[in-house]
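Q: To start, I am sharing the structure in question, which I have written as structure tokens.
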Amino acid sequence: MRKGVVFLPLLQGEEELIRKSVDKALRKHEATRENLIPILLQVQEALGYLPGLAMEQIAAALKMPAVEVYGLATFYNQFRLHPPGKHQVKVCMGTACYMVGGRIALECFERRLGIKEGETTPDREFSLERVACVGCCTMAPVVVVDEHVEGKVTPTRVDGILLSFGKAIASGAEAAGKKGEGAS
Amino acid sequence: MRGNAAAVQERYLKLKAGADARVKALYSEPVIRVGTATCGIAAGALPVKEAFARAVEEKGLPAKVIEVGCMGHCYAEPLAIISRPGFPSLCYGYLDAELAARLVEDFLINDDPCYEFALVALEPNDVFPTFSDFPRGVYEQKIVLEHCGFIDPGDIDHYIARGGYGALAAALGKNPAEVLEAVKASHLRGRGGAGFPAGLKWEAAVKAGSGEKYVICNADEGDPGAFMDRGILESCPHQVIEGMLLCAYAVGAEKGYFYIRAEYPLAVERVRRALEQAREKGLLGKDILGSDFSCELEIFQGSGAFVCGEATALVRSMEGKMGIPATRPPRLAEAGYRGRPTVLNNVKTFAYVPPILNRGVEWFRSIGTEDNPGTAVFSLVGKVAHTGLVEVPMGTTLRQLIYDVGEGLANGKAFKAVQIGGPSGGCLPESALDIPIDFDSLQEAGAIMGSGGLVVLDEDDCMVAIARYFLEFTQQESCGKCTFCRLGTKHMLDILTRITEGRGEPQDLEILEELAEEVRAGSLCNLGATAPNPVLTTLRYFRDEYEAHIFEKRCPALMCKELIVYYIEPQRCSKLCNVCVGSCPVEAIYTREDGLKAIDQEKCVKCDNCLKTCPPDYNAVIKLSPPGLLAEKEGKRP
Amino acid sequence: MSKAVTIFIDGREISAFEGEKLLWVALRNGIYIPNLCAIRGKKRPSGSCRLCYVQVEGRSEPVTSCTLPVKEGLSVQTRSPRVDRLVRSAFELLLSHHRLDCRSCAKRKSCELLKLAKERGLKMRLSRLAPLEHEWPVDDSAETFVFDRSRCVLCGRCVWICREVARVGALGFSRRGIRRVVTTFQDVSMAQSRCTECGLCVEACPSGALYFKEGKQPAAAGQNLSRGG
């Protein structure tokens with residue numbers, strides 16, 4: 001019945017972890033509707049994403065339907081509903097970046113990682129997404145890798161970035177097959 | 001009138017004296033200020049800062065290395081300013097670790113300021129030019145950016161020593177109505193985009209009666225290609241805090257929020273730190289400076305939705321809901337956050353308030369034009385030589401801004417258009433360059449001031465692709481609530497996509513124009529109502545490009561992938577060079593029997609790598625449009 | 001209570017209470033104004049369907065009547081060339097994302113889209129727009145009703161009634177932009193959701209997105225709470 005979002009089964013021990021993160025967030029923020037976004041952000045920071053169980057627990061604490069929490073989590077760009085890769089690659093699609101090759105950089109990552117934007121490599125090493133302007137337009141095209149801003153990202157630089165994370169660079173066709181090889 | 005005006009002033013002067021002494025002591029020895037706003041960090045400012053610190057330590061110098069924000073000269077990042085008693089303060093650009101170490105040795109030990117690497121001196125002197133000796137310095141007048149890049153945003157004393165919080169201290173000795181009156185009289189127009197007079201907005205909140213009220217600073221800067229608000233918050237957060245406190249005092253609010261988008265972690269961190277320091281100094285919180293005015297400011301982190309820049313959507317997201325614009329009435333000034341009167345202004349709008357109160361309404365109104373007093377802050381980006389954050393008086397022409405302040409186009413390319421106002425704005429052609437920059441003139445030309453993003457486009461930029469890009473942006477950022485924005489922009493985007501892919505039909509332009517007009521008139525909020533602007537302006541000024549795509553299946557700027565092919569000119573290619581072969585990510589380039597290179601069109605993904613890497617001596621890789629030209633070229637193969 | 005005022009709709013003199021929204025005054029007086037998202041019990045009108053435009057005397061651009069508070073002497077026309085153009089455009093936009101297969105639609109007798117088309121002389125087909133794709137399969141997991149999102153016009157009546165009247169909270173909006181959709185928590189099927197099959201949402205739905213399976217219409221049904229008093 002689902003479309004788009006694929007919810008992975010929880011790992012062993014993850015349920016406990018989720019419960020702890022939610023409790024922690026609810027200790028820091030009063031359980032009111034106004035604090036819903038800060039609570040979700042904090043839980044996501046701890047877990048890397050928003051598992052369904054966490055959304056249900058938060059909804060129960062705030063005495064609101066879980067579907068409304070789900071609505072919020074799917075509305076805002078910041079929230080992710082699936083576990084991210086170990087390294088998160090975000091390609092800026094601001095005007096300045098787009099004009100000087102942001103799309104080209106994105107396509108290079110897609111080719112090298114063998115995934116499309118919004119996806120995570122099967123080995124969970126890398127996830128790739130596009131972001132709206134990160135405000136470093138003079139360095140365009142810009143890519144943010146794990147909070148680190150990389151400027152002037154040409155296709156050659158894409159390879160450089162991936163190599164620095166120990167990603168073996170193969171030609172496009174092979175990349176998908178060699179996933180995870182030599183990953184740090 | 002508050003009775004303890006004298007006591008407030010005395011307390012402020014004590015703070016000021018302490019700050020003055022600390023800053024003076026700092027500058028009695030050499031100081032190296034490294035620009036570490038996000039743009040600086042992206043350009044490598046942190047290793048440069050470390051190199052400075054290491055060199056200073058190794059040589060055992062008493063010099064201090066501190067972090068400052070963004071000076072606005074982003075093209076030359078990483079930047080640093082070196083001040084040494086006995087010398088003018090000198091600004092150096094394009095730094096790296098090696099140069100940093102050399103500057104410490106040559107300037108701070110051997111008395112050689114290395115003028116060959118200096119960009120500009122801060123103070124007038126006999127040896128090196130200052131800002132006012134360059135065209136940019138002549139046109140620029142800094143009010144909002146006055147302190148940006150010169151002070152440590154992490155140290156409140158740097159702001160206080162420059163007179164910071166003086167306007168607040170003085171205002172607390174006056175009646176709140178006097179502050180409101182001054183802002184009204186200044187004719188300050190909100191810098192969020194539409195230019196609504198800030199004084200009137202504040203007055204509406206005053207008239208809404210007493211009781212709980214809120215002040216919100218909109219720092220949800222989401223326009224692609226704009227970073228003024230980020231620059232200001234990262235470089236001089238206290239000026240915005242002071243402006244918000246003045247607003248809170250004027251309208252009778254005791255609580256305020258910074259709504260900062262989550263994509264700006266450094267801005268969040270610096271504002272948080274600034275708020276802590278202001279609280280410690282008694283400039284924020286209960287009984288500010290010993291007066292009976294109390295105000296608390298907090299940060300609310302946006303979670304990534306462009307539409308939250310819209311006032312009602314922003315407030316809804318603060319209330320823990322989807323950021324979806326609400327119908328009006330009521331206005332925010334009557335029933336905003338938590339249903340209470342709320343004043344919501346842009347970062348820059350608040351930043352103007354302390355200087356206006358310090359230097360007076362007359363001074364402010366003497367800058368800019370009659371109906372648009374003050375300055376305009378732009379992030380100047382795109383194909384312009386000197387990108388950066390610039391601030392010029394309203395009424396400056398676009399030509400002056402691009403050619404004098406921005407030093408013209410980069411790489412000797414020909415100017416094509418300037419995009420102003422982001423996804424809500426428009427693309428103006430060469431013929432519009434002499435219009436003055438102000439809210440009304442830009443709107444008349446089909447663009448809008450917006451929050452101040454300015455992207456220069458050159459001959460290599462396809463105007464249909466640009467229009468499509470912006471529409472794709474609005475489409476992705478549309479909240480989806482109302483019919484026109486959700487579905488109207490989607491159909492417009494589909495049509496534009498068809499055109500850029502060479503599948504445009506003759507009637508498409510007419511449908512596009514009809515839809516644009518209907519989406520403009522029918523949308524619920526301004527995100528939707530202004531979404532067609534990029535399409536309407538490009539249709540108005542660059543219709544020939546649309547027609548070339550539709551009727552000739554040709555992209556004049558050689559940008560639309562489906563309408564171009566890459567080709568290696570055999571007469572320019574060299575047998576001795578293999579760069580393109582190595583650069584191709586999909587092995588589409590092969591060596592012909594005669595040793596020259598050629599592209600297998602079946603494999604080519606049009607990544608542009610070969611064109612970029614082909615040595616300038618050859619420049620053998622070219623693009624052709626329409627793709628049909630390829631057969632012609634190949635027919636002529638020698 | 002608010003004071004009584006006299007207003008004019010299409011020249012007809014009508015008494016109303018100050019501050020009431022024009023749409024409700026018109027409908028009460030038997031004057032049709034197209035609408036889908038208007039819910040009487042809702043404090044702040046949604047204003048999302050953009051169909052209820054009217055021309056106010058003295059204003060150049062049409063305004064939505066669901067957000068227009070009436071005051072003494074207000075004079076509006078329910079039709080004008082500009083109003084008609086906006087309504088026609090909004091209607092075609094909605095149709096472009098609505099499965100147009102009226103003959104097989106269970107709601108064809110009570111469909112408010114068909115009513116609108118009839119009242120305003122609009123066609124139930126696309127003249128200049130290409131139909132948009134539908135992503136969602138039909139959900140017939142519930143025992144009594146079917147949820148077909150390809151016929152949903154996102155008016156929000158079902159979401160409101162599920163939350164505010166039925167107090168169940170099974171349905172909600174999710175995502176944004178063109179992907180905005182009425183759905184359940186984590187998009188599970190209706191049968192897996194917390195839906196109690198009270199049927200209120202089905203009655204509230206103006207189109208064929210929610211309809212009862214044959215013979216499953218509850219006996220108590222018949223009053224449409226989102227539209228009534």
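In the structure tokens, chains take the letters A, B, ... in the order shown, each chain's residues start at 1, and ligands count up from 1 in the order shown.
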Could you please select, counting only C-alpha atoms, the residues of chain A within 7 Å of chain B and state them as an mmCIF file with all heavy atoms, in the first residue's frame?
A:
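After the write, part.cif holds the following:
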```cif
data_model
loop_
_atom_site.group_PDB
_atom_site.id
_atom_site.type_symbol
_atom_site.label_atom_id
_atom_site.label_comp_id
_atom_site.auth_asym_id
_atom_site.auth_seq_id
_atom_site.Cartn_x
_atom_site.Cartn_y
_atom_site.Cartn_z
ATOM 1 N N ARG A 33 2.526 20.822 21.542
ATOM 2 C CA ARG A 33 2.543 20.870 20.082
ATOM 3 C C ARG A 33 3.634 21.803 19.565
ATOM 4 O O ARG A 33 4.295 21.539 18.577
ATOM 5 C CB ARG A 33 1.163 21.325 19.602
ATOM 6 C CG ARG A 33 1.011 21.382 18.097
ATOM 7 C CD ARG A 33 0.953 19.981 17.534
ATOM 8 N NE ARG A 33 1.042 19.989 16.087
ATOM 9 C CZ ARG A 33 0.060 19.606 15.287
ATOM 10 N NH1 ARG A 33 -1.068 19.163 15.770
ATOM 11 N NH2 ARG A 33 0.216 19.619 13.974
ATOM 12 N N GLU A 34 3.818 22.917 20.261
ATOM 13 C CA GLU A 34 4.826 23.895 19.831
ATOM 14 C C GLU A 34 6.228 23.306 19.810
ATOM 15 O O GLU A 34 7.087 23.774 19.082
ATOM 16 C CB GLU A 34 4.830 25.091 20.781
ATOM 17 C CG GLU A 34 3.864 26.157 20.371
ATOM 18 C CD GLU A 34 3.893 27.323 21.324
ATOM 19 O OE1 GLU A 34 4.860 27.449 22.097
ATOM 20 O OE2 GLU A 34 2.937 28.103 21.297
ATOM 21 N N ASN A 35 6.454 22.310 20.654
ATOM 22 C CA ASN A 35 7.792 21.726 20.716
ATOM 23 C C ASN A 35 7.950 20.522 19.799
ATOM 24 O O ASN A 35 8.977 19.863 19.816
ATOM 25 C CB ASN A 35 8.110 21.313 22.155
ATOM 26 C CG ASN A 35 8.389 22.527 23.016
ATOM 27 O OD1 ASN A 35 8.873 23.549 22.517
ATOM 28 N ND2 ASN A 35 8.068 22.446 24.287
ATOM 29 N N LEU A 36 6.931 20.249 19.002
ATOM 30 C CA LEU A 36 6.987 19.050 18.168
ATOM 31 C C LEU A 36 8.206 19.042 17.244
ATOM 32 O O LEU A 36 8.926 18.045 17.165
ATOM 33 C CB LEU A 36 5.688 18.925 17.353
ATOM 34 C CG LEU A 36 5.599 17.748 16.382
ATOM 35 C CD1 LEU A 36 5.880 16.433 17.088
ATOM 36 C CD2 LEU A 36 4.227 17.691 15.731
ATOM 37 N N ILE A 37 8.441 20.151 16.550
ATOM 38 C CA ILE A 37 9.573 20.168 15.619
ATOM 39 C C ILE A 37 10.903 20.040 16.365
ATOM 40 O O ILE A 37 11.743 19.208 15.993
ATOM 41 C CB ILE A 37 9.512 21.403 14.691
ATOM 42 C CG1 ILE A 37 8.308 21.246 13.750
ATOM 43 C CG2 ILE A 37 10.798 21.570 13.908
ATOM 44 C CD1 ILE A 37 8.088 22.407 12.802
ATOM 45 N N LEU A 72 3.945 15.969 9.258
ATOM 46 C CA LEU A 72 4.993 16.964 9.488
ATOM 47 C C LEU A 72 6.350 16.437 9.012
ATOM 48 O O LEU A 72 7.121 17.146 8.370
ATOM 49 C CB LEU A 72 5.049 17.245 10.991
ATOM 50 C CG LEU A 72 5.380 18.658 11.380
ATOM 51 C CD1 LEU A 72 4.165 19.525 11.143
ATOM 52 C CD2 LEU A 72 5.786 18.711 12.830
ATOM 53 N N PHE A 75 6.648 16.604 5.428
ATOM 54 C CA PHE A 75 6.524 17.946 4.849
ATOM 55 C C PHE A 75 7.880 18.649 4.792
ATOM 56 O O PHE A 75 8.228 19.271 3.800
ATOM 57 C CB PHE A 75 5.548 18.779 5.683
ATOM 58 C CG PHE A 75 5.285 20.149 5.128
ATOM 59 C CD1 PHE A 75 4.292 20.342 4.183
ATOM 60 C CD2 PHE A 75 6.026 21.254 5.529
ATOM 61 C CE1 PHE A 75 4.044 21.600 3.649
ATOM 62 C CE2 PHE A 75 5.784 22.506 5.000
ATOM 63 C CZ PHE A 75 4.790 22.679 4.060
ATOM 64 N N TYR A 76 8.636 18.546 5.862
ATOM 65 C CA TYR A 76 9.887 19.297 5.946
ATOM 66 C C TYR A 76 11.080 18.517 5.389
ATOM 67 O O TYR A 76 11.198 17.316 5.609
ATOM 68 C CB TYR A 76 10.169 19.678 7.406
ATOM 69 C CG TYR A 76 9.190 20.691 7.948
ATOM 70 C CD1 TYR A 76 8.186 20.322 8.826
ATOM 71 C CD2 TYR A 76 9.258 22.028 7.567
ATOM 72 C CE1 TYR A 76 7.284 21.250 9.322
ATOM 73 C CE2 TYR A 76 8.370 22.964 8.056
ATOM 74 C CZ TYR A 76 7.378 22.568 8.931
ATOM 75 O OH TYR A 76 6.502 23.493 9.407
ATOM 76 N N ASN A 77 11.951 19.247 4.702
ATOM 77 C CA ASN A 77 13.124 18.618 4.087
ATOM 78 C C ASN A 77 14.067 17.974 5.095
ATOM 79 O O ASN A 77 14.751 17.017 4.782
ATOM 80 C CB ASN A 77 13.955 19.672 3.340
ATOM 81 C CG ASN A 77 13.230 20.226 2.151
ATOM 82 O OD1 ASN A 77 12.313 19.595 1.646
ATOM 83 N ND2 ASN A 77 13.621 21.403 1.708
ATOM 84 N N GLN A 78 14.125 18.557 6.285
ATOM 85 C CA GLN A 78 15.130 18.124 7.250
ATOM 86 C C GLN A 78 14.909 16.702 7.754
ATOM 87 O O GLN A 78 15.833 16.051 8.192
ATOM 88 C CB GLN A 78 15.129 19.065 8.463
ATOM 89 C CG GLN A 78 15.763 20.404 8.185
ATOM 90 C CD GLN A 78 17.244 20.294 7.946
ATOM 91 O OE1 GLN A 78 17.957 19.615 8.674
ATOM 92 N NE2 GLN A 78 17.723 20.963 6.915
ATOM 93 N N GLY A 94 21.356 25.372 -5.526
ATOM 94 C CA GLY A 94 21.053 26.804 -5.582
ATOM 95 C C GLY A 94 21.311 27.308 -6.988
ATOM 96 O O GLY A 94 21.942 26.629 -7.800
ATOM 97 N N THR A 95 20.837 28.511 -7.275
ATOM 98 C CA THR A 95 20.976 29.054 -8.625
ATOM 99 C C THR A 95 22.410 29.058 -9.106
ATOM 100 O O THR A 95 22.734 28.588 -10.194
ATOM 101 C CB THR A 95 20.495 30.508 -8.678
ATOM 102 O OG1 THR A 95 19.367 30.634 -7.857
ATOM 103 C CG2 THR A 95 20.191 30.935 -10.087
ATOM 104 N N ALA A 96 23.282 29.619 -8.252
ATOM 105 C CA ALA A 96 24.675 29.776 -8.664
ATOM 106 C C ALA A 96 25.292 28.413 -8.945
ATOM 107 O O ALA A 96 26.011 28.234 -9.931
ATOM 108 C CB ALA A 96 25.454 30.515 -7.583
ATOM 109 N N ILE A 104 25.704 18.591 -12.898
ATOM 110 C CA ILE A 104 26.776 17.715 -13.377
ATOM 111 C C ILE A 104 27.427 17.004 -12.197
ATOM 112 O O ILE A 104 27.692 15.801 -12.239
ATOM 113 C CB ILE A 104 27.813 18.542 -14.189
ATOM 114 C CG1 ILE A 104 27.180 18.970 -15.513
ATOM 115 C CG2 ILE A 104 29.086 17.759 -14.410
ATOM 116 C CD1 ILE A 104 27.990 19.977 -16.302
ATOM 117 N N ALA A 132 18.596 22.579 -1.205
ATOM 118 C CA ALA A 132 18.443 23.945 -1.682
ATOM 119 C C ALA A 132 19.672 24.704 -1.211
ATOM 120 O O ALA A 132 20.460 24.198 -0.428
ATOM 121 C CB ALA A 132 17.181 24.545 -1.111
ATOM 122 N N CYS A 133 19.819 25.911 -1.692
ATOM 123 C CA CYS A 133 21.020 26.717 -1.473
ATOM 124 C C CYS A 133 21.592 26.628 -0.058
ATOM 125 O O CYS A 133 20.876 26.798 0.914
ATOM 126 C CB CYS A 133 20.690 28.168 -1.773
ATOM 127 S SG CYS A 133 22.130 29.209 -1.847
ATOM 128 N N VAL A 134 22.879 26.330 0.052
ATOM 129 C CA VAL A 134 23.521 26.343 1.361
ATOM 130 C C VAL A 134 24.208 27.678 1.627
ATOM 131 O O VAL A 134 24.880 27.848 2.628
ATOM 132 C CB VAL A 134 24.548 25.194 1.541
ATOM 133 C CG1 VAL A 134 23.837 23.862 1.580
ATOM 134 C CG2 VAL A 134 25.592 25.200 0.452
ATOM 135 N N GLY A 135 24.032 28.613 0.714
ATOM 136 C CA GLY A 135 24.513 29.970 0.956
ATOM 137 C C GLY A 135 26.005 30.170 0.724
ATOM 138 O O GLY A 135 26.602 31.084 1.247
ATOM 139 N N CYS A 136 26.628 29.295 -0.056
ATOM 140 C CA CYS A 136 28.052 29.488 -0.360
ATOM 141 C C CYS A 136 28.204 29.707 -1.854
ATOM 142 O O CYS A 136 29.059 29.104 -2.510
ATOM 143 C CB CYS A 136 28.862 28.276 0.059
ATOM 144 S SG CYS A 136 28.795 27.980 1.808
ATOM 145 N N CYS A 137 27.353 30.563 -2.382
ATOM 146 C CA CYS A 137 27.210 30.686 -3.827
ATOM 147 C C CYS A 137 28.499 31.074 -4.532
ATOM 148 O O CYS A 137 28.683 30.761 -5.699
ATOM 149 C CB CYS A 137 26.136 31.708 -4.143
ATOM 150 S SG CYS A 137 24.653 31.457 -3.182
ATOM 151 N N THR A 138 29.376 31.756 -3.836
ATOM 152 C CA THR A 138 30.587 32.190 -4.520
ATOM 153 C C THR A 138 31.563 31.043 -4.715
ATOM 154 O O THR A 138 32.551 31.181 -5.409
ATOM 155 C CB THR A 138 31.272 33.324 -3.740
ATOM 156 O OG1 THR A 138 31.552 32.838 -2.425
ATOM 157 C CG2 THR A 138 30.361 34.521 -3.650
ATOM 158 N N VAL A 149 31.839 21.617 3.929
ATOM 159 C CA VAL A 149 31.489 22.246 2.655
ATOM 160 C C VAL A 149 32.647 22.149 1.671
ATOM 161 O O VAL A 149 33.765 22.555 1.976
ATOM 162 C CB VAL A 149 31.105 23.730 2.858
ATOM 163 C CG1 VAL A 149 30.764 24.367 1.519
ATOM 164 C CG2 VAL A 149 29.937 23.848 3.814
ATOM 165 N N GLU A 150 32.383 21.570 0.515
ATOM 166 C CA GLU A 150 33.406 21.483 -0.533
ATOM 167 C C GLU A 150 33.017 22.446 -1.651
ATOM 168 O O GLU A 150 31.885 22.393 -2.139
ATOM 169 C CB GLU A 150 33.443 20.058 -1.119
ATOM 170 C CG GLU A 150 33.755 18.976 -0.112
ATOM 171 C CD GLU A 150 35.248 18.687 -0.036
ATOM 172 O OE1 GLU A 150 35.998 19.273 -0.845
ATOM 173 O OE2 GLU A 150 35.641 17.890 0.827
ATOM 174 N N GLY A 151 33.931 23.295 -2.054
ATOM 175 C CA GLY A 151 33.626 24.261 -3.100
ATOM 176 C C GLY A 151 34.179 23.837 -4.445
ATOM 177 O O GLY A 151 35.049 22.967 -4.530
ATOM 178 N N PRO A 155 33.779 17.335 -11.844
ATOM 179 C CA PRO A 155 33.727 15.866 -11.829
ATOM 180 C C PRO A 155 35.000 15.244 -11.255
ATOM 181 O O PRO A 155 34.944 14.245 -10.536
ATOM 182 C CB PRO A 155 33.549 15.523 -13.310
ATOM 183 C CG PRO A 155 32.793 16.682 -13.860
ATOM 184 C CD PRO A 155 33.338 17.876 -13.135
ATOM 185 N N SER A 171 34.751 2.632 -13.051
ATOM 186 C CA SER A 171 33.966 3.324 -14.056
ATOM 187 C C SER A 171 32.503 3.102 -13.724
ATOM 188 O O SER A 171 32.143 2.179 -12.991
ATOM 189 C CB SER A 171 34.278 2.805 -15.446
ATOM 190 O OG SER A 171 33.650 1.560 -15.625
ATOM 191 N N GLY A 172 31.661 3.985 -14.271
ATOM 192 C CA GLY A 172 30.252 3.995 -13.910
ATOM 193 C C GLY A 172 29.608 2.624 -13.831
ATOM 194 O O GLY A 172 28.971 2.273 -12.845
#
```
Q: I'd like the neighbourhood of Val240 in chain B as a list in words, where a residue qualifies if any of its atoms comes within 8 Å (using only C-alpha atoms), though same-chain residues fewer than 3 positions away should be ignored.
A: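 Here the answer would be Leu233, Cys236, Pro237, Gly243, Met244, Val347, Lys348, Phe350 and Ala351 of chain B.
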Q: Save the residues we just selected, C-alpha atoms, as a PDB file, in the first residue's frame?
A:
```pdb
ATOM      1  CA  LEU B 233      23.964  36.532  11.385  1.00  0.00           C
ATOM      2  CA  CYS B 236      27.382  40.568  13.345  1.00  0.00           C
ATOM      3  CA  PRO B 237      24.518  38.875  15.202  1.00  0.00           C
ATOM      4  CA  GLY B 243      17.233  45.735  16.452  1.00  0.00           C
ATOM      5  CA  MET B 244      14.819  43.082  17.707  1.00  0.00           C
ATOM      6  CA  VAL B 347      17.105  40.020   9.446  1.00  0.00           C
ATOM      7  CA  LYS B 348      18.188  43.116   7.527  1.00  0.00           C
ATOM      8  CA  PHE B 350      16.034  44.664  12.215  1.00  0.00           C
ATOM      9  CA  ALA B 351      19.702  45.382  11.522  1.00  0.00           C
TER      10      ALA B 351
END
```
Q: Would you kindly return, as a ChimeraX atom specification, each protein, DNA or RNA residue with an atom no farther than 12 Å from any atom of range 85-87 of chain A, considering only C-alpha atoms and excluding same-chain residues fewer than 6 positions away?
A: /A:48-49,113,115,118-129,144-148,161-162,164-167,180,183-184
Q: Using only C-alpha atoms, select each residue of chain C with any atom at most 10 Å away from an atom of chain A, and give the selection as an MDAnalysis selection string.
A: chainID C and resid 135:139 141 163 167:177 179:190 193:194
Q: If you run DSSP on this backbone, which residues of range 94-248 of chain B come out as helix (DSSP H, G or I), and could you give them as a ChimeraX atom specification?
A: /B:97-109,115-117,131-133,135-139,156-161,166-172,176-185,198-207,228-235,237-248
Q: Step one, run DSSP on the backbone; step two, keep only residues of range 2-153 of chain C assigned to strand (DSSP E or B); then write them as a list in words.
A: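 Matching residues for strand (DSSP E or B) in range 2-153 of chain C are Ala4, Val5, Thr6, Ile7, Phe8, Ile9, Arg12, Glu13, Ile14, Ser15, Ala16, Phe17, Lys21, Tyr53, Val54, Gln55, Val56, Val63, Thr64, Pro69, Ser75, Val76, Gln77, Asp139, Phe145, Val146 and Phe147 of chain C.
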Q: Return the neighbours of chain B among the residues of chain C, cut-off 8 Å, counting only C-alpha atoms, as a list in words.
A: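 The selection requested is Arg44, Pro45, Ser46, Gly47, Ser48, Cys49, Arg50, Glu61, Thr67, Arg85, Leu86, Ser89, Ala90, Leu93, Leu94, His97, Arg128, Leu129, Ala130, Leu154, Arg176, Gly177, Ile178, Arg179 and Arg180 of chain C.
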Q: For CA of Ala166 in chain C and CA of Lys42 in chain C, determine how far apart the two atoms are, in Å to one decimal place.
A: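 We find that CA of Ala166 in chain C and CA of Lys42 in chain C lie 14.5 Å from each other.
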Q: Just want the 8 Å neighbourhood of Gly102 in chain A, counted on only C-alpha atoms, with same-chain residues fewer than 2 positions away dropped. Output as a PyMOL selection string.
A: chain A and resi 91-93+97-100+104-106+140-142
Q: What lies within 10 Å of Asp126 in chain B using only C-alpha atoms, ignoring chain neighbours under 3 positions off, as a list in words?
A: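 Returned residues: Pro88, Glu123 and Pro129 of chain B.
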Q: I'd like the neighbourhood of Ala106 in chain C as a compact mmCIF listing (two decimals) with C-alpha atoms, in the first residue's frame, where a residue qualifies if any of its atoms comes within 10 Å (using only C-alpha atoms), though same-chain residues fewer than 4 positions away should be ignored.
A:
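Output saved as result.txt:
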```txt
# COMPACT_ATOMS: atom_id res chain seq x y z
CA CYS C 102 -17.35 9.41 -14.46
CA SER C 110 -23.69 13.20 -5.75
CA CYS C 111 -20.41 14.40 -7.25
CA SER C 207 -15.79 13.40 -5.17
CA GLY C 208 -15.37 9.72 -5.84
CA ALA C 209 -12.23 9.40 -3.70
CA LEU C 210 -14.11 7.84 -0.79
CA TYR C 211 -17.18 5.74 -1.46
CA PHE C 212 -19.12 2.99 0.25
CA LYS C 213 -18.88 -0.51 -1.06
CA GLU C 214 -22.16 -1.72 -2.45
```
Q: Between A:Ala61, A:Val43, A:Val131, A:Gly101, which residue has the minimum interatomic distance to Val153 in chain A, considering only C-alpha atoms?
A: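 Checking each candidate against Val153 in chain A, we get A:Gly101 as the closest.
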Q: Any idea what the distance is between CA of Arg108 in chain C and CA of Pro206 in chain C?
A: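 Going from CA of Arg108 in chain C over to CA of Pro206 in chain C, I get 10.2 Å.
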Q: Find the residue from A:Ala25, A:Lys20, A:Leu10, A:Asp159 that sits nearest to Cys108 in chain A; use only C-alpha atoms when measuring.
A: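 Result for the nearest residue to Cys108 in chain A: A:Asp159.
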